[in-house]
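Student: I'd like to ask you about the structure that follows.
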Amino acid sequence: KVRAAVFDDGRRRVAIVGIDAAFIRRPYVLACRKAIEEKCAIPPQCVLIAASHSHSSGPTGMVMPGEYDHAPPLVQDLAYKKSSCADPIYMERVVKAVVEAVSEADAEREEALCGVGKGIEDKVAFNRRFRMKNGLTYTHPRPGNPDIVEVAGPIDPEVGVIGCWDGAGRLAGCLVNYACHATTSPNGISANWIYYLEQAIGGVMGPQAVVIFLPGACGDVTQVDNLSPHEAPSGEQAARRVGGRVGAEAIKVLLSVHPGAEVPLDASSTVLRLKRRAPSPARLRQAWEIVRRGPDKFDPAGWIFAKETVMLDSLLKAAPEAEAEVQALQVGPVALLANPAEFFVQFGLDIKKKSNFPLTFPVELANGCVGYVPTEEAFGPRGGGYETR
């Protein structure tokens, strides 16, 4: 499912897109933007495409079709048969849906009033990294682990909202920004907890309201409470709890704002070219040894990291750099600051603290996907966890 909004202040248009996906790779973003520019004349830097980071949505990656065609047969086997891969037919549908959604939103523009605000929801998001008695930091050390000393990072409880009302006073749609992984994983394929976010808002504000979810900086934040003495809720229960509570807070914001003309609009972006982190020769030799032994004869997690190391070595030969676009969109008093990484939440808090805008919404996993960006402390002597690894 794709949700899109196009804002127009008479001088500039910006398009904001939310898609049900764990991530969207850079080439597909560029394909969407190219078609949108051709159909709607909206410049690429004015189009923000964010994935919800739902771990229960469709096959958008990690490996793209043809990405390892240059590699030796064994590496191709690791990439195409033993990794998560984007389905080419599905990705054609995704690109088409994004373009159609933006085109429809652009064609149906009408006079509207906008309201912006923020609420607080601090009961469903938890930092998943913990300092342990051995001095290191673990990711998800499991609930009730007696070796837990303290949580290793904060959360960002802000629920950022932009709402738009039509001439009849009905909510035409809203954007909701919140920092929490979509990893509740109810049974089957779904939008994860974002489904219940949409249901909650639609239930109060009307089914006509389009709900666009934009994930905040939540690289180390999930719905799992490792300090809770209670049994964790099922996937469906967790999805309903997170989506319902975030949606309820968004509703409170929508019912409290004073809509007006939130202008001006603006957009800017910069593409960074980042050198990939090359594995050492010793690490690479070890990874090859582990890979050849097979996942059944080695620690499964260790085998996966070895597989990724071997694949990275081949990727370096074809693409030694990765593109990372940093984008800013302005909607009146709101700055949407987008990046293609899984930012640790502390970065989002820092960005908000330093921003000159009344409201600042960090948006991660937007316009591409380049992996985790942990804090420097997470790489230090008391660091650890699989995000840094």
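Letters A, B, ... go to the chains of the structure tokens in the order shown; residues in each chain start at 1; ligands are counted from 1 in the same order.
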List as JSON lines every residue of stretch 126-205 of chain A that is in contact with stretch 356-367 of chain A, defined as an atom at most 10 Å from one of its atoms (using only C-alpha atoms), together with the nearest atom pair and the distance in Å rounded to one decimal, sorted by chain and then rising number.

Tutor:
{"residue": "A:Glu158", "atom": "CA", "partner": "A:Phe361", "partner_atom": "CA", "distance": 9.2}
{"residue": "A:Val159", "atom": "CA", "partner": "A:Phe361", "partner_atom": "CA", "distance": 9.1}
{"residue": "A:Gly160", "atom": "CA", "partner": "A:Phe361", "partner_atom": "CA", "distance": 6.6}
{"residue": "A:Val161", "atom": "CA", "partner": "A:Phe361", "partner_atom": "CA", "distance": 9.0}
{"residue": "A:Val176", "atom": "CA", "partner": "A:Phe361", "partner_atom": "CA", "distance": 9.3}
{"residue": "A:Asn177", "atom": "CA", "partner": "A:Phe361", "partner_atom": "CA", "distance": 6.5}
{"residue": "A:Tyr178", "atom": "CA", "partner": "A:Phe361", "partner_atom": "CA", "distance": 8.5}
{"residue": "A:Ala179", "atom": "CA", "partner": "A:Val363", "partner_atom": "CA", "distance": 8.8}

Student: Using only C-alpha atoms, what does the table of stretch 237-314 of chain A residues within 8 Å of stretch 104-125 of chain A look like, with each row giving the shortest atom pair and its distance in Å to one decimal, sorted by chain and ascending number, as CSV?

Tutor:
residue,atom,partner,partner_atom,distance
A:Arg241,CA,A:Val124,CA,7.5
A:Val242,CA,A:Val124,CA,5.6
A:Arg245,CA,A:Glu121,CA,7.1
A:Val246,CA,A:Glu121,CA,6.3
A:Glu249,CA,A:Gly119,CA,6.0
A:Ala250,CA,A:Gly119,CA,6.8
A:Lys252,CA,A:Gly119,CA,7.6
A:Val253,CA,A:Gly117,CA,6.0
A:Leu254,CA,A:Gly115,CA,7.5
A:Val257,CA,A:Gly115,CA,5.6
A:His258,CA,A:Gly115,CA,5.9
A:Pro259,CA,A:Gly115,CA,4.2
A:Gly260,CA,A:Leu113,CA,4.9
A:Ala261,CA,A:Leu113,CA,5.7
A:Glu262,CA,A:Cys114,CA,5.8

Student: List the spatial neighbours of A:Ala209 as JSON, numbers by chain - criterion: any atom at most 10 Å away, only C-alpha atoms, same-chain residues fewer than 3 positions off excluded.

Tutor: {"A": [163, 164, 165, 170, 171, 172, 173, 174, 198, 201, 202, 203, 204, 205, 206, 212]}

Student: Take the selection from the previous step and output its residues with N, CA, C and O atoms, as a PDB file, in the first residue's frame.

Tutor:
ATOM      1  N   GLY A 163      -1.715  17.733   9.723  1.00  0.00           N
ATOM      2  CA  GLY A 163      -3.059  17.395   9.267  1.00  0.00           C
ATOM      3  C   GLY A 163      -3.560  18.376   8.233  1.00  0.00           C
ATOM      4  O   GLY A 163      -3.182  19.559   8.252  1.00  0.00           O
ATOM      5  N   CYS A 164      -4.383  17.899   7.304  1.00  0.00           N
ATOM      6  CA  CYS A 164      -4.962  18.753   6.250  1.00  0.00           C
ATOM      7  C   CYS A 164      -6.477  18.565   6.213  1.00  0.00           C
ATOM      8  O   CYS A 164      -6.965  17.435   6.147  1.00  0.00           O
ATOM      9  N   TRP A 165      -7.191  19.681   6.235  1.00  0.00           N
ATOM     10  CA  TRP A 165      -8.647  19.657   6.228  1.00  0.00           C
ATOM     11  C   TRP A 165      -9.192  20.275   4.939  1.00  0.00           C
ATOM     12  O   TRP A 165      -8.679  21.307   4.473  1.00  0.00           O
ATOM     13  N   ARG A 170     -13.559  18.386   6.815  1.00  0.00           N
ATOM     14  CA  ARG A 170     -13.191  16.994   7.063  1.00  0.00           C
ATOM     15  C   ARG A 170     -11.679  16.842   6.941  1.00  0.00           C
ATOM     16  O   ARG A 170     -11.033  17.502   6.132  1.00  0.00           O
ATOM     17  N   LEU A 171     -11.137  15.918   7.727  1.00  0.00           N
ATOM     18  CA  LEU A 171      -9.708  15.638   7.615  1.00  0.00           C
ATOM     19  C   LEU A 171      -9.452  14.898   6.313  1.00  0.00           C
ATOM     20  O   LEU A 171      -9.896  13.763   6.126  1.00  0.00           O
ATOM     21  N   ALA A 172      -8.728  15.548   5.402  1.00  0.00           N
ATOM     22  CA  ALA A 172      -8.396  14.900   4.130  1.00  0.00           C
ATOM     23  C   ALA A 172      -7.267  13.896   4.303  1.00  0.00           C
ATOM     24  O   ALA A 172      -7.212  12.876   3.622  1.00  0.00           O
ATOM     25  N   GLY A 173      -6.367  14.190   5.232  1.00  0.00           N
ATOM     26  CA  GLY A 173      -5.256  13.281   5.471  1.00  0.00           C
ATOM     27  C   GLY A 173      -4.300  13.851   6.488  1.00  0.00           C
ATOM     28  O   GLY A 173      -4.407  15.022   6.890  1.00  0.00           O
ATOM     29  N   CYS A 174      -3.357  13.018   6.918  1.00  0.00           N
ATOM     30  CA  CYS A 174      -2.359  13.475   7.882  1.00  0.00           C
ATOM     31  C   CYS A 174      -1.071  12.687   7.728  1.00  0.00           C
ATOM     32  O   CYS A 174      -1.055  11.579   7.202  1.00  0.00           O
ATOM     33  N   GLU A 198      -3.509   3.578  11.321  1.00  0.00           N
ATOM     34  CA  GLU A 198      -4.450   4.058  10.306  1.00  0.00           C
ATOM     35  C   GLU A 198      -5.898   3.805  10.729  1.00  0.00           C
ATOM     36  O   GLU A 198      -6.772   4.676  10.567  1.00  0.00           O
ATOM     37  N   ILE A 201      -7.002   6.361  13.543  1.00  0.00           N
ATOM     38  CA  ILE A 201      -7.254   7.717  13.044  1.00  0.00           C
ATOM     39  C   ILE A 201      -8.509   7.743  12.189  1.00  0.00           C
ATOM     40  O   ILE A 201      -9.364   8.636  12.323  1.00  0.00           O
ATOM     41  N   GLY A 202      -8.661   6.751  11.303  1.00  0.00           N
ATOM     42  CA  GLY A 202      -9.844   6.689  10.454  1.00  0.00           C
ATOM     43  C   GLY A 202     -11.129   6.500  11.241  1.00  0.00           C
ATOM     44  O   GLY A 202     -12.193   7.010  10.873  1.00  0.00           O
ATOM     45  N   GLY A 203     -11.029   5.773  12.372  1.00  0.00           N
ATOM     46  CA  GLY A 203     -12.209   5.525  13.173  1.00  0.00           C
ATOM     47  C   GLY A 203     -12.782   6.780  13.801  1.00  0.00           C
ATOM     48  O   GLY A 203     -13.991   6.883  14.008  1.00  0.00           O
ATOM     49  N   VAL A 204     -11.930   7.746  14.100  1.00  0.00           N
ATOM     50  CA  VAL A 204     -12.383   8.992  14.726  1.00  0.00           C
ATOM     51  C   VAL A 204     -12.557  10.107  13.698  1.00  0.00           C
ATOM     52  O   VAL A 204     -13.552  10.838  13.716  1.00  0.00           O
ATOM     53  N   MET A 205     -11.600  10.222  12.800  1.00  0.00           N
ATOM     54  CA  MET A 205     -11.585  11.354  11.875  1.00  0.00           C
ATOM     55  C   MET A 205     -12.282  11.057  10.551  1.00  0.00           C
ATOM     56  O   MET A 205     -12.456  11.955   9.733  1.00  0.00           O
ATOM     57  N   GLY A 206     -12.657   9.797  10.321  1.00  0.00           N
ATOM     58  CA  GLY A 206     -13.359   9.435   9.098  1.00  0.00           C
ATOM     59  C   GLY A 206     -12.503   8.602   8.171  1.00  0.00           C
ATOM     60  O   GLY A 206     -11.283   8.800   8.092  1.00  0.00           O
ATOM     61  N   ILE A 212      -0.339   8.900   6.312  1.00  0.00           N
ATOM     62  CA  ILE A 212       1.018   8.633   5.845  1.00  0.00           C
ATOM     63  C   ILE A 212       1.923   8.514   7.057  1.00  0.00           C
ATOM     64  O   ILE A 212       2.051   9.458   7.841  1.00  0.00           O
TER      65      ILE A 212
END

Student: Pick from A:Ala324, A:Ile36, A:Val63, A:Leu74: nearest to A:Val310, with only C-alpha atoms counted?

Tutor: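 Nearest candidate to A:Val310 out of A:Ala324, A:Ile36, A:Val63, A:Leu74: A:Leu74.
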
Student: Within 12 Å of A:Gln76, counting only C-alpha atoms, which residues show up once you throw out same-chain ones fewer than 5 positions away? Write them as a PyMOL selection string, please.

Tutor: chain A and resi 63-71+81-83+85+307-308+310-312+314-315

Student: Closest to A:Glu92 among A:Tyr28, A:Tyr386, A:Phe343, A:Tyr196, using only C-alpha atoms?

Tutor: A:Tyr28

Student: Quick one: everything within 7 Å of stretch 43-49 of chain A, counting only C-alpha atoms, minus sequence neighbours fewer than 6 positions away in the same chain. Send it as a ChimeraX atom specification.

Tutor: /A:14-18,33,37,267-269,366-367

Student: Take the residues from that selection and write them out as a CSV table (one decimal), in the first residue's frame, keeping C-alpha atoms.

Tutor:
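The result, written out as again26.csv:
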chain,number,residue,atom,x,y,z
A,14,VAL,CA,6.5,18.9,-2.6
A,15,ALA,CA,5.4,15.2,-2.5
A,16,ILE,CA,5.7,13.0,0.6
A,17,VAL,CA,5.2,9.3,0.1
A,18,GLY,CA,4.9,6.5,2.7
A,33,ARG,CA,11.2,10.2,-9.0
A,37,GLU,CA,9.0,14.4,-12.7
A,267,ALA,CA,13.1,21.5,-0.4
A,268,SER,CA,16.8,20.7,-0.5
A,269,SER,CA,18.9,17.6,-0.7
A,366,ALA,CA,13.9,7.5,3.2
A,367,ASN,CA,15.1,7.7,-0.4

Student: Please extract the residues of stretch 152-331 of chain A with a backbone DSSP assignment of strand (DSSP E or B) and present them as a PyMOL selection string.

Tutor: chain A and resi 158-165+171-178+182+210-215+221-222+260+265-275+321-331

Student: With N, CA and C atoms retained, could you export that selection as a compact mmCIF listing (two decimals), in the first residue's frame?

Tutor:
# COMPACT_ATOMS: atom_id res chain seq x y z
N GLU A 158 8.02 11.61 21.02
CA GLU A 158 7.20 12.58 20.30
C GLU A 158 6.44 11.94 19.13
N VAL A 159 5.17 12.28 19.02
CA VAL A 159 4.34 11.90 17.88
C VAL A 159 4.11 13.18 17.07
N GLY A 160 4.83 13.31 15.96
CA GLY A 160 4.70 14.51 15.13
C GLY A 160 3.57 14.35 14.12
N VAL A 161 2.78 15.41 13.95
CA VAL A 161 1.59 15.32 13.10
C VAL A 161 1.45 16.55 12.21
N ILE A 162 1.13 16.32 10.95
CA ILE A 162 0.67 17.37 10.03
C ILE A 162 -0.70 16.92 9.52
N GLY A 163 -1.71 17.73 9.72
CA GLY A 163 -3.06 17.39 9.27
C GLY A 163 -3.56 18.38 8.23
N CYS A 164 -4.38 17.90 7.30
CA CYS A 164 -4.96 18.75 6.25
C CYS A 164 -6.48 18.56 6.21
N TRP A 165 -7.19 19.68 6.23
CA TRP A 165 -8.65 19.66 6.23
C TRP A 165 -9.19 20.28 4.94
N LEU A 171 -11.14 15.92 7.73
CA LEU A 171 -9.71 15.64 7.62
C LEU A 171 -9.45 14.90 6.31
N ALA A 172 -8.73 15.55 5.40
CA ALA A 172 -8.40 14.90 4.13
C ALA A 172 -7.27 13.90 4.30
N GLY A 173 -6.37 14.19 5.23
CA GLY A 173 -5.26 13.28 5.47
C GLY A 173 -4.30 13.85 6.49
N CYS A 174 -3.36 13.02 6.92
CA CYS A 174 -2.36 13.47 7.88
C CYS A 174 -1.07 12.69 7.73
N LEU A 175 0.01 13.30 8.19
CA LEU A 175 1.31 12.64 8.27
C LEU A 175 1.62 12.43 9.74
N VAL A 176 2.09 11.24 10.08
CA VAL A 176 2.43 10.91 11.46
C VAL A 176 3.88 10.43 11.51
N ASN A 177 4.67 11.04 12.38
CA ASN A 177 6.08 10.72 12.53
C ASN A 177 6.32 10.17 13.93
N TYR A 178 6.87 8.93 14.02
CA TYR A 178 7.11 8.32 15.34
C TYR A 178 8.29 7.37 15.24
N ALA A 182 8.87 -1.21 13.23
CA ALA A 182 7.63 -1.93 12.93
C ALA A 182 7.93 -3.42 12.91
N VAL A 210 -6.42 10.02 4.58
CA VAL A 210 -5.22 9.28 4.17
C VAL A 210 -4.16 9.46 5.25
N VAL A 211 -3.63 8.35 5.75
CA VAL A 211 -2.65 8.39 6.83
C VAL A 211 -1.28 7.98 6.28
N ILE A 212 -0.34 8.90 6.31
CA ILE A 212 1.02 8.63 5.85
C ILE A 212 1.92 8.51 7.06
N PHE A 213 2.54 7.35 7.23
CA PHE A 213 3.45 7.14 8.36
C PHE A 213 4.89 7.37 7.91
N LEU A 214 5.62 8.14 8.71
CA LEU A 214 7.02 8.43 8.45
C LEU A 214 7.83 8.02 9.68
N PRO A 215 8.71 7.01 9.57
CA PRO A 215 9.43 6.52 10.75
C PRO A 215 10.47 7.52 11.23
N VAL A 221 15.38 1.32 18.66
CA VAL A 221 14.13 1.38 19.43
C VAL A 221 13.09 0.45 18.81
N THR A 222 12.50 -0.41 19.65
CA THR A 222 11.43 -1.31 19.21
C THR A 222 10.30 -1.29 20.24
N GLY A 260 -4.63 26.35 9.55
CA GLY A 260 -4.43 27.59 8.83
C GLY A 260 -3.62 27.35 7.57
N LEU A 265 6.57 26.40 1.52
CA LEU A 265 7.14 25.09 1.25
C LEU A 265 8.54 25.27 0.71
N ASP A 266 9.39 24.32 0.99
CA ASP A 266 10.74 24.36 0.42
C ASP A 266 11.34 22.96 0.45
N ALA A 267 12.42 22.80 -0.29
CA ALA A 267 13.06 21.49 -0.37
C ALA A 267 14.52 21.64 -0.73
N SER A 268 15.34 20.76 -0.19
CA SER A 268 16.76 20.75 -0.50
C SER A 268 17.29 19.35 -0.23
N SER A 269 18.30 18.95 -1.00
CA SER A 269 18.90 17.64 -0.73
C SER A 269 20.37 17.63 -1.15
N THR A 270 21.12 16.78 -0.49
CA THR A 270 22.53 16.57 -0.80
C THR A 270 22.79 15.07 -0.85
N VAL A 271 23.50 14.61 -1.86
CA VAL A 271 23.85 13.20 -1.97
C VAL A 271 25.29 13.00 -1.53
N LEU A 272 25.45 12.23 -0.46
CA LEU A 272 26.78 11.89 0.03
C LEU A 272 27.22 10.58 -0.62
N ARG A 273 28.49 10.49 -0.96
CA ARG A 273 29.04 9.26 -1.52
C ARG A 273 29.98 8.66 -0.47
N LEU A 274 29.54 7.58 0.14
CA LEU A 274 30.24 6.98 1.27
C LEU A 274 31.01 5.74 0.84
N LYS A 275 32.27 5.69 1.22
CA LYS A 275 33.06 4.50 0.93
C LYS A 275 32.58 3.35 1.80
N GLU A 321 31.44 2.58 -3.52
CA GLU A 321 30.78 3.65 -2.77
C GLU A 321 29.27 3.43 -2.75
N ALA A 322 28.65 3.97 -1.73
CA ALA A 322 27.18 3.93 -1.62
C ALA A 322 26.66 5.36 -1.60
N GLU A 323 25.51 5.57 -2.21
CA GLU A 323 24.87 6.89 -2.19
C GLU A 323 23.97 7.02 -0.97
N ALA A 324 24.10 8.13 -0.28
CA ALA A 324 23.24 8.41 0.87
C ALA A 324 22.71 9.84 0.72
N GLU A 325 21.43 9.97 0.46
CA GLU A 325 20.84 11.29 0.27
C GLU A 325 20.31 11.84 1.59
N VAL A 326 20.73 13.04 1.92
CA VAL A 326 20.21 13.76 3.07
C VAL A 326 19.29 14.85 2.53
N GLN A 327 18.02 14.82 2.93
CA GLN A 327 17.01 15.68 2.33
C GLN A 327 16.27 16.46 3.41
N ALA A 328 15.91 17.69 3.09
CA ALA A 328 15.08 18.51 3.98
C ALA A 328 13.88 19.03 3.21
N LEU A 329 12.69 18.81 3.74
CA LEU A 329 11.46 19.39 3.19
C LEU A 329 10.84 20.27 4.26
N GLN A 330 10.41 21.45 3.86
CA GLN A 330 9.73 22.36 4.78
C GLN A 330 8.25 22.43 4.44
N VAL A 331 7.41 22.25 5.47
CA VAL A 331 5.98 22.50 5.36
C VAL A 331 5.65 23.51 6.46

Student: Would you mind reading off the distance between atom CA of A:Pro157 and atom CA of A:Ile194, one decimal, in Å?

Tutor: 16.2 Å

Student: For A:Pro141, which of A:Val224, A:Phe23, A:Tyr195, A:Phe344 is the closest residue, counting only C-alpha atoms?

Tutor: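 Checking each of A:Val224, A:Phe23, A:Tyr195, A:Phe344 against A:Pro141, counting only C-alpha atoms, the winner is A:Val224.
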
Student: Counting only C-alpha atoms, which residue out of A:Asp156, A:Cys369, A:Glu377, A:Asp313 sits closest to A:Val75?

Tutor: A:Asp313

Student: Nearest to A:Ala217: which of A:Lys39, A:Arg277, A:Arg293, A:His53 is it, counting only C-alpha atoms?

Tutor: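 Nearest to A:Ala217: A:His53.
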
Student: Could you check the closest approach to A:Val334 for each of A:Pro264, A:Pro320, A:Pro154, A:Pro229 and tell me which residue wins, using only C-alpha atoms?

Tutor: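 Selected residue with least distance to A:Val334: A:Pro264.
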
Student: Got a sec to tell me which of stretch 75-201 of chain A DSSP assigns to alpha helix (DSSP H), as a ChimeraX atom specification?

Tutor: /A:75-81,88-107,194-201

Student: Include C-alpha atoms and write out the residues we just selected as a compact mmCIF listing (two decimals), in the first residue's frame.

Tutor:
# COMPACT_ATOMS: atom_id res chain seq x y z
CA VAL A 75 28.73 -15.53 -4.14
CA GLN A 76 25.79 -15.38 -6.56
CA ASP A 77 24.35 -18.42 -4.81
CA LEU A 78 24.78 -16.72 -1.42
CA ALA A 79 23.15 -13.53 -2.69
CA TYR A 80 20.29 -14.87 -4.78
CA LYS A 81 19.42 -18.12 -2.99
CA PRO A 88 11.41 -7.89 -9.63
CA ILE A 89 7.70 -8.23 -10.46
CA TYR A 90 6.71 -6.94 -7.03
CA MET A 91 9.11 -4.01 -7.36
CA GLU A 92 7.55 -3.05 -10.69
CA ARG A 93 4.23 -2.86 -8.82
CA VAL A 94 5.79 -0.77 -6.06
CA VAL A 95 7.27 1.78 -8.47
CA LYS A 96 4.03 1.95 -10.44
CA ALA A 97 1.98 2.41 -7.26
CA VAL A 98 4.22 5.21 -5.98
CA VAL A 99 3.99 7.09 -9.26
CA GLU A 100 0.22 6.58 -9.49
CA ALA A 101 -0.34 7.70 -5.90
CA VAL A 102 1.65 10.92 -6.32
CA SER A 103 0.03 11.61 -9.69
CA GLU A 104 -3.44 11.14 -8.19
CA ALA A 105 -2.64 13.35 -5.19
CA ASP A 106 -1.23 16.02 -7.50
CA ALA A 107 -4.22 15.91 -9.86
CA ILE A 194 0.94 0.96 11.14
CA TYR A 195 -2.32 -0.74 10.10
CA TYR A 196 -3.80 -0.03 13.53
CA LEU A 197 -2.43 3.52 13.47
CA GLU A 198 -4.45 4.06 10.31
CA GLN A 199 -7.51 2.29 11.72
CA ALA A 200 -7.47 4.40 14.89
CA ILE A 201 -7.25 7.72 13.04

Student: Using Å and a single decimal, report how far atom CA of A:Asp9 sits from atom CA of A:Pro340.

Tutor: 26.9 Å

Student: May I ask for the distance between atom CA of A:Gly58 and atom CA of A:Ala22, given in Å to one decimal place?

Tutor: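 Taking atom CA of A:Gly58 as the start and atom CA of A:Ala22 as the end point, the length is 8.0 Å.
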